[in-house]
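S.K.: Mind having a look at this structure? Questions to follow.
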Amino acid sequence: MKTTIAKVGQFVDQTVTIGAWIANKRSSGKIAFLQLRDGTGFIQGVVVKAEVGEEIFAKAKAITQESSLYVTGIVREDERAPSGYELTVTDVELIHEAVDYPITPKEHGTEFLMDHRHLWIRSKRQHAVMKIRNEIIRSTYEFFNENGFVKVDPPILTGSAPEGTSELFATKYFDEDAYLSQSGQLYMEAAAMALGRVFSFGPTFRAEKSKTRRHLIEFWMIEPEMAFVEFEENLEVQEQYVSYLAQSVLKNCQIELKTLGRDLEKLEKIQAPFARITYDDAVTFLHKEGFDDIEWGDDFGSPHETAIANHYDKPVFITHYPTSLKPFYMQPDPNRPEVVLCADLIAPEGYGEIIGGSERIHDMELLEQRLDEHKLDLNAYEWYLQLRKYGSVPHSGFGLGLERTVAWLSGVEHVRETIPFPRLLNRLYP
Ligand code: 4AD
Ligand code: MG
């Protein structure tokens, strides 16, 4: 019976054939242990010379790392195995021999691994991170579909710059200037006026000269937008959504979390509600913690975010940032226009901001005034202004960075391991 590693549990004590690669191998004169992988998972194949005979044993023993083969064997239950099963090999059929695979089981430097990213993704750890990424994507669709949101796809080539003009990738659109999307938000606002509750999921681009463990040049963002939703309800959707992601990963990625050595207790605690702290209180808190470098009006850097996050064992919302720090579209607090009705959600354990969101300005005049203050071209935003001309309503939304969320839930240090082919400062290969 032909099957996959993920499905061997259905064939205990039966003979199966699996198309696989050799992830690793150990052998002595009498027994060989083949670490097999087939994309669906990892399993150990045991080849005993006394059982398979000279010829098959010699073939198995000679197979090199990352060679491909069809392996036939009997599925055994084995409590010690991470997957719970082992394969007693009865036959091997080499498909293709890999010679001198560069990523050996020894330690390699980061740059070497990044240069071999196309091969590195085969490793057990990278496989686990990709599976967790997939589970976050899967449960994102599930969460928003179950909560009445419609998936809408904003364009990637755009003529506008929602998050400020300094980090744009410019390109030519025939004779016009165009940019790669930094955020689909403005289009999602239009979509919310048509469909009520919407979400997008797509690539976004920031020409940020930041070389940190949290920054990618190309990253994927989930951007929900909701008509008739104000500041507080927006935060409630976020805490429900993020809790759903954490609990889905816990439930459906047990093997992967184990492979990565993730502390499960930390993830079990990720349940709504999350704490809220205002920017004002965060500044006071930072002063008490000895951060003399921060004054009211300054943006927080990652040491500040981490100091705040370390006080909580769940993500924490920092709300009501100074208006001057945030993009033009955020709704000022009516009682205190020097701050906006926004929140950043900061993940625990030093993973930093995973969500930025706010209530949006729905008053036409105020929006025009803010565009002016940001020296943005009113003509380019004519369509966006029209949303405030025809049946304008309070509305709110947010953007969750997929890779930072994957890093946090997987417990990996750097976002470069959370996307198949990371685009980083100075890295476009492979
Ligand atoms: O806070 P940001 O810039 O917010 C927006 O773009 C809003 N328009 C979203 C919205 O309200 N619809 O980005 C949102 C999130 C951040 O919290 C972070 O998780 C992620 O996107 N992010 C990045 N992730 C990796 N690399 C980068 N360079 C990132 N920049 C932002
Ligand atoms: Mg932000």
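By order of appearance in the structure tokens: chains A, B, ..., then residues from 1 within every chain, and ligands from 1 in the order shown.
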Find the residues near ligand 1. Use a cut-off of 9 Å, count only C-alpha atoms and all ligand atoms, and write them as a VMD selection string.
M.R.: chain A and resid 162 to 163 182 to 186 188 to 189 204 to 208 210 213 to 225 327 344 to 346 352 to 360 396 to 405 415
S.K.: Write out, as an mmCIF file, in the first residue's frame, the residues just selected, with C-alpha atoms.
M.R.:
data_model
loop_
_atom_site.group_PDB
_atom_site.id
_atom_site.type_symbol
_atom_site.label_atom_id
_atom_site.label_comp_id
_atom_site.auth_asym_id
_atom_site.auth_seq_id
_atom_site.Cartn_x
_atom_site.Cartn_y
_atom_site.Cartn_z
ATOM 1 C CA PRO A 162 -0.852 54.649 3.394
ATOM 2 C CA GLU A 163 2.065 54.169 5.798
ATOM 3 C CA GLN A 182 2.783 48.729 1.841
ATOM 4 C CA SER A 183 -0.686 47.883 3.113
ATOM 5 C CA GLY A 184 -4.029 47.151 1.487
ATOM 6 C CA GLN A 185 -5.857 49.122 4.142
ATOM 7 C CA LEU A 186 -7.232 52.029 2.123
ATOM 8 C CA MET A 188 -10.076 47.482 2.435
ATOM 9 C CA GLU A 189 -11.883 50.560 3.790
ATOM 10 C CA THR A 204 3.306 43.854 1.422
ATOM 11 C CA PHE A 205 6.584 45.634 0.775
ATOM 12 C CA ARG A 206 8.617 48.085 2.830
ATOM 13 C CA ALA A 207 11.920 49.505 1.687
ATOM 14 C CA GLU A 208 12.972 49.761 5.329
ATOM 15 C CA SER A 210 16.164 48.018 9.184
ATOM 16 C CA ARG A 213 15.172 40.144 13.824
ATOM 17 C CA ARG A 214 11.662 41.578 13.287
ATOM 18 C CA HIS A 215 12.019 43.209 9.864
ATOM 19 C CA LEU A 216 11.501 41.810 6.404
ATOM 20 C CA ILE A 217 11.409 43.783 3.169
ATOM 21 C CA GLU A 218 8.583 41.629 1.851
ATOM 22 C CA PHE A 219 6.132 40.287 4.412
ATOM 23 C CA TRP A 220 2.556 39.029 4.512
ATOM 24 C CA MET A 221 -0.197 40.866 6.279
ATOM 25 C CA ILE A 222 -3.747 40.020 7.309
ATOM 26 C CA GLU A 223 -5.864 43.170 7.227
ATOM 27 C CA PRO A 224 -9.437 43.080 8.518
ATOM 28 C CA GLU A 225 -11.625 46.172 8.157
ATOM 29 C CA PRO A 327 -0.410 57.832 9.851
ATOM 30 C CA ASP A 344 -0.414 48.337 18.741
ATOM 31 C CA LEU A 345 -0.522 44.779 20.012
ATOM 32 C CA ILE A 346 2.813 43.731 21.504
ATOM 33 C CA GLY A 352 7.491 42.963 19.463
ATOM 34 C CA GLU A 353 4.546 44.534 17.654
ATOM 35 C CA ILE A 354 2.440 41.963 15.833
ATOM 36 C CA ILE A 355 -0.578 44.202 15.106
ATOM 37 C CA GLY A 356 -1.083 47.860 14.281
ATOM 38 C CA GLY A 357 -4.647 49.114 14.052
ATOM 39 C CA SER A 358 -7.041 51.997 14.690
ATOM 40 C CA GLU A 359 -10.391 53.579 14.233
ATOM 41 C CA ARG A 360 -10.329 55.507 10.931
ATOM 42 C CA SER A 396 -11.950 50.356 12.239
ATOM 43 C CA GLY A 397 -9.413 47.773 11.247
ATOM 44 C CA PHE A 398 -5.976 46.403 11.830
ATOM 45 C CA GLY A 399 -3.045 44.620 10.227
ATOM 46 C CA LEU A 400 -1.387 41.521 11.669
ATOM 47 C CA GLY A 401 2.122 40.722 10.473
ATOM 48 C CA LEU A 402 2.184 37.028 9.603
ATOM 49 C CA GLU A 403 5.918 36.434 10.006
ATOM 50 C CA ARG A 404 6.203 38.050 13.422
ATOM 51 C CA THR A 405 3.240 35.980 14.553
ATOM 52 C CA VAL A 415 11.730 36.336 11.128
#
S.K.: Leaving out Leu113 of chain A and any residue of its chain fewer than 6 positions from it, which residues lie within 9 Å of it when counting only C-alpha atoms, given as a list of chain:residue names?
M.R.: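 Neighbouring residues, sequence-local ones excluded: A:Ile103, A:Leu119, A:Trp120.
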S.K.: Selection from above, C-alpha atoms, as a PDB file, in the first residue's frame, can you write it?
M.R.:
ATOM      1  CA  ILE A 103      23.826  20.989   4.609  1.00  0.00           C
ATOM      2  CA  LEU A 119      17.680  23.342   0.584  1.00  0.00           C
ATOM      3  CA  TRP A 120      17.580  24.538   4.184  1.00  0.00           C
TER       4      TRP A 120
END
S.K.: Tell me, as number ranges by chain, which residues lie within 12 Å of Glu256 of chain A, counting only C-alpha atoms; anything in the same chain fewer than 5 positions away does not count.
M.R.: A: 40-42, 82-83, 124-135, 249-251, 261-264, 409-411
S.K.: Could you jot down the atom CA of Pro394 of chain A to atom CA of Asp333 of chain A separation for me, Å, one decimal place?
M.R.: 13.0 Å
S.K.: Among segment 191-312 of chain A, which residues does DSSP mark as alpha helix (DSSP H) when it is run on the backbone? Keep the chain and numbering as in the structure and answer as an MDAnalysis selection string.
M.R.: chainID A and resid 191:195 231:252 254:260 264:268 279:288 302:309
S.K.: Looking at only C-alpha atoms, which of A:Trp21, A:Trp383, A:Phe11, A:Phe144 is the one that sits closest to His96 of chain A?
M.R.: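 Result for the nearest residue to His96 of chain A: A:Trp21.
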S.K.: Out of A:Phe169, A:Phe201, A:Tyr321, A:Tyr241, which residue has the shortest atom-to-atom distance to ligand 2 when counting only C-alpha atoms and all ligand atoms?
M.R.: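 The closest residue to ligand 2 is A:Tyr321.
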S.K.: Leaving out Val340 of chain A and any residue of its chain fewer than 3 positions from it, which residues lie within 8 Å of it when counting only C-alpha atoms, given as a list in words?
M.R.: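 Here the qualifying residues turn out to be His320, Tyr321, Pro322, Thr323, Lys326, Met330, Gln331, Pro332, Asp333, Pro337 and Ser358 of chain A.
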S.K.: Skipping near chain neighbours, those fewer than 5 positions away, what residues fall within 10 Å of segment 281-296 of chain A using only C-alpha atoms, listed as a list of chain:residue names?
M.R.: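 My list of contacting residues is A:Gly301, A:Pro303, A:His304, A:Glu305, A:Ala307, A:Ile308, A:Ile318, A:Thr319, A:Tyr321, A:Pro322.
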S.K.: Can you list, as number ranges by chain, every residue of segment 338-384 of chain A that DSSP puts in strand (DSSP E or B)?
M.R.: A: 338-340, 342-347, 352-360
S.K.: Restrict the selected residues to N, CA and C atoms and save them as a PDB file, in the first residue's frame.
M.R.:
ATOM      1  N   GLU A 338      -4.693  65.316  20.555  1.00  0.00           N
ATOM      2  CA  GLU A 338      -3.246  65.067  20.416  1.00  0.00           C
ATOM      3  C   GLU A 338      -2.892  63.580  20.473  1.00  0.00           C
ATOM      4  N   VAL A 339      -3.917  62.728  20.762  1.00  0.00           N
ATOM      5  CA  VAL A 339      -3.692  61.276  20.664  1.00  0.00           C
ATOM      6  C   VAL A 339      -4.738  60.667  19.726  1.00  0.00           C
ATOM      7  N   VAL A 340      -4.414  59.500  19.173  1.00  0.00           N
ATOM      8  CA  VAL A 340      -5.351  58.849  18.243  1.00  0.00           C
ATOM      9  C   VAL A 340      -5.942  57.571  18.843  1.00  0.00           C
ATOM     10  N   CYS A 342      -5.954  54.452  18.524  1.00  0.00           N
ATOM     11  CA  CYS A 342      -5.205  53.372  17.869  1.00  0.00           C
ATOM     12  C   CYS A 342      -4.697  52.400  18.927  1.00  0.00           C
ATOM     13  N   ALA A 343      -4.212  51.277  18.476  1.00  0.00           N
ATOM     14  CA  ALA A 343      -3.528  50.352  19.388  1.00  0.00           C
ATOM     15  C   ALA A 343      -2.517  49.532  18.606  1.00  0.00           C
ATOM     16  N   ASP A 344      -1.373  49.326  19.234  1.00  0.00           N
ATOM     17  CA  ASP A 344      -0.414  48.337  18.741  1.00  0.00           C
ATOM     18  C   ASP A 344      -0.515  47.154  19.691  1.00  0.00           C
ATOM     19  N   LEU A 345      -0.512  45.956  19.150  1.00  0.00           N
ATOM     20  CA  LEU A 345      -0.522  44.779  20.012  1.00  0.00           C
ATOM     21  C   LEU A 345       0.899  44.219  20.081  1.00  0.00           C
ATOM     22  N   ILE A 346       1.431  44.167  21.307  1.00  0.00           N
ATOM     23  CA  ILE A 346       2.813  43.731  21.504  1.00  0.00           C
ATOM     24  C   ILE A 346       2.810  42.292  22.032  1.00  0.00           C
ATOM     25  N   ALA A 347       3.510  41.417  21.319  1.00  0.00           N
ATOM     26  CA  ALA A 347       3.570  39.998  21.722  1.00  0.00           C
ATOM     27  C   ALA A 347       4.488  39.830  22.922  1.00  0.00           C
ATOM     28  N   GLY A 352       7.821  41.632  19.974  1.00  0.00           N
ATOM     29  CA  GLY A 352       7.491  42.963  19.463  1.00  0.00           C
ATOM     30  C   GLY A 352       6.081  43.091  18.914  1.00  0.00           C
ATOM     31  N   GLU A 353       5.883  44.187  18.164  1.00  0.00           N
ATOM     32  CA  GLU A 353       4.546  44.534  17.654  1.00  0.00           C
ATOM     33  C   GLU A 353       4.103  43.524  16.602  1.00  0.00           C
ATOM     34  N   ILE A 354       2.972  42.879  16.854  1.00  0.00           N
ATOM     35  CA  ILE A 354       2.440  41.963  15.833  1.00  0.00           C
ATOM     36  C   ILE A 354       1.239  42.554  15.113  1.00  0.00           C
ATOM     37  N   ILE A 355       0.567  43.552  15.755  1.00  0.00           N
ATOM     38  CA  ILE A 355      -0.578  44.202  15.106  1.00  0.00           C
ATOM     39  C   ILE A 355      -0.465  45.709  15.267  1.00  0.00           C
ATOM     40  N   GLY A 356      -0.826  46.424  14.186  1.00  0.00           N
ATOM     41  CA  GLY A 356      -1.083  47.860  14.281  1.00  0.00           C
ATOM     42  C   GLY A 356      -2.498  48.080  13.781  1.00  0.00           C
ATOM     43  N   GLY A 357      -3.268  48.889  14.500  1.00  0.00           N
ATOM     44  CA  GLY A 357      -4.647  49.114  14.052  1.00  0.00           C
ATOM     45  C   GLY A 357      -5.208  50.388  14.641  1.00  0.00           C
ATOM     46  N   SER A 358      -6.409  50.783  14.167  1.00  0.00           N
ATOM     47  CA  SER A 358      -7.041  51.997  14.690  1.00  0.00           C
ATOM     48  C   SER A 358      -8.476  52.127  14.202  1.00  0.00           C
ATOM     49  N   GLU A 359      -9.163  53.069  14.840  1.00  0.00           N
ATOM     50  CA  GLU A 359     -10.391  53.579  14.233  1.00  0.00           C
ATOM     51  C   GLU A 359      -9.948  54.546  13.141  1.00  0.00           C
ATOM     52  N   ARG A 360     -10.713  54.647  12.046  1.00  0.00           N
ATOM     53  CA  ARG A 360     -10.329  55.507  10.931  1.00  0.00           C
ATOM     54  C   ARG A 360     -11.141  56.810  10.972  1.00  0.00           C
TER      55      ARG A 360
END
S.K.: So, counting only C-alpha atoms, which residue among A:Pro154, A:Pro420, A:Gly45, A:Gly297 is closest to Ser324 of chain A?
M.R.: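 Comparing A:Pro154, A:Pro420, A:Gly45, A:Gly297 against Ser324 of chain A, the winner is A:Gly297.
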S.K.: Please identify all polymer residues within 12 Å of Leu366 of chain A, counting only C-alpha atoms, omitting same-chain residues fewer than 3 positions from it, and present them as a PyMOL selection string.
M.R.: chain A and resi 328-332+334+337+360-363+369-373+385+388
S.K.: To one decimal place in Å, what is the distance between atom CA of Asp313 of chain A and atom CA of Gln271 of chain A?
M.R.: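 Computing it gives 10.3 Å between the two atoms.
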S.K.: Any idea what's packed within 7 Å of Ala32 of chain A, counting only C-alpha atoms, ignoring anything in its chain fewer than 5 positions away? Could you give it as a list in words?
M.R.: Arg26, Ser27, Val46, Val47, Val48 and Lys61 of chain A
S.K.: Now that the selection is made, can you save its residues with C-alpha atoms as a compact mmCIF listing (two decimals), in the first residue's frame?
M.R.:
# COMPACT_ATOMS: atom_id res chain seq x y z
CA ARG A 26 23.36 6.06 11.06
CA SER A 27 24.55 2.52 10.63
CA VAL A 46 15.15 0.52 10.77
CA VAL A 47 17.01 -1.88 8.48
CA VAL A 48 18.24 -5.09 10.13
CA LYS A 61 23.68 1.43 4.07
S.K.: Which residue gives the smallest distance to ligand 2 among A:Phe317, A:Tyr312, A:Tyr390, A:Leu376, with only C-alpha atoms and all ligand atoms counted?
M.R.: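 With only C-alpha atoms and all ligand atoms as the atom set, the closest residue is A:Phe317.
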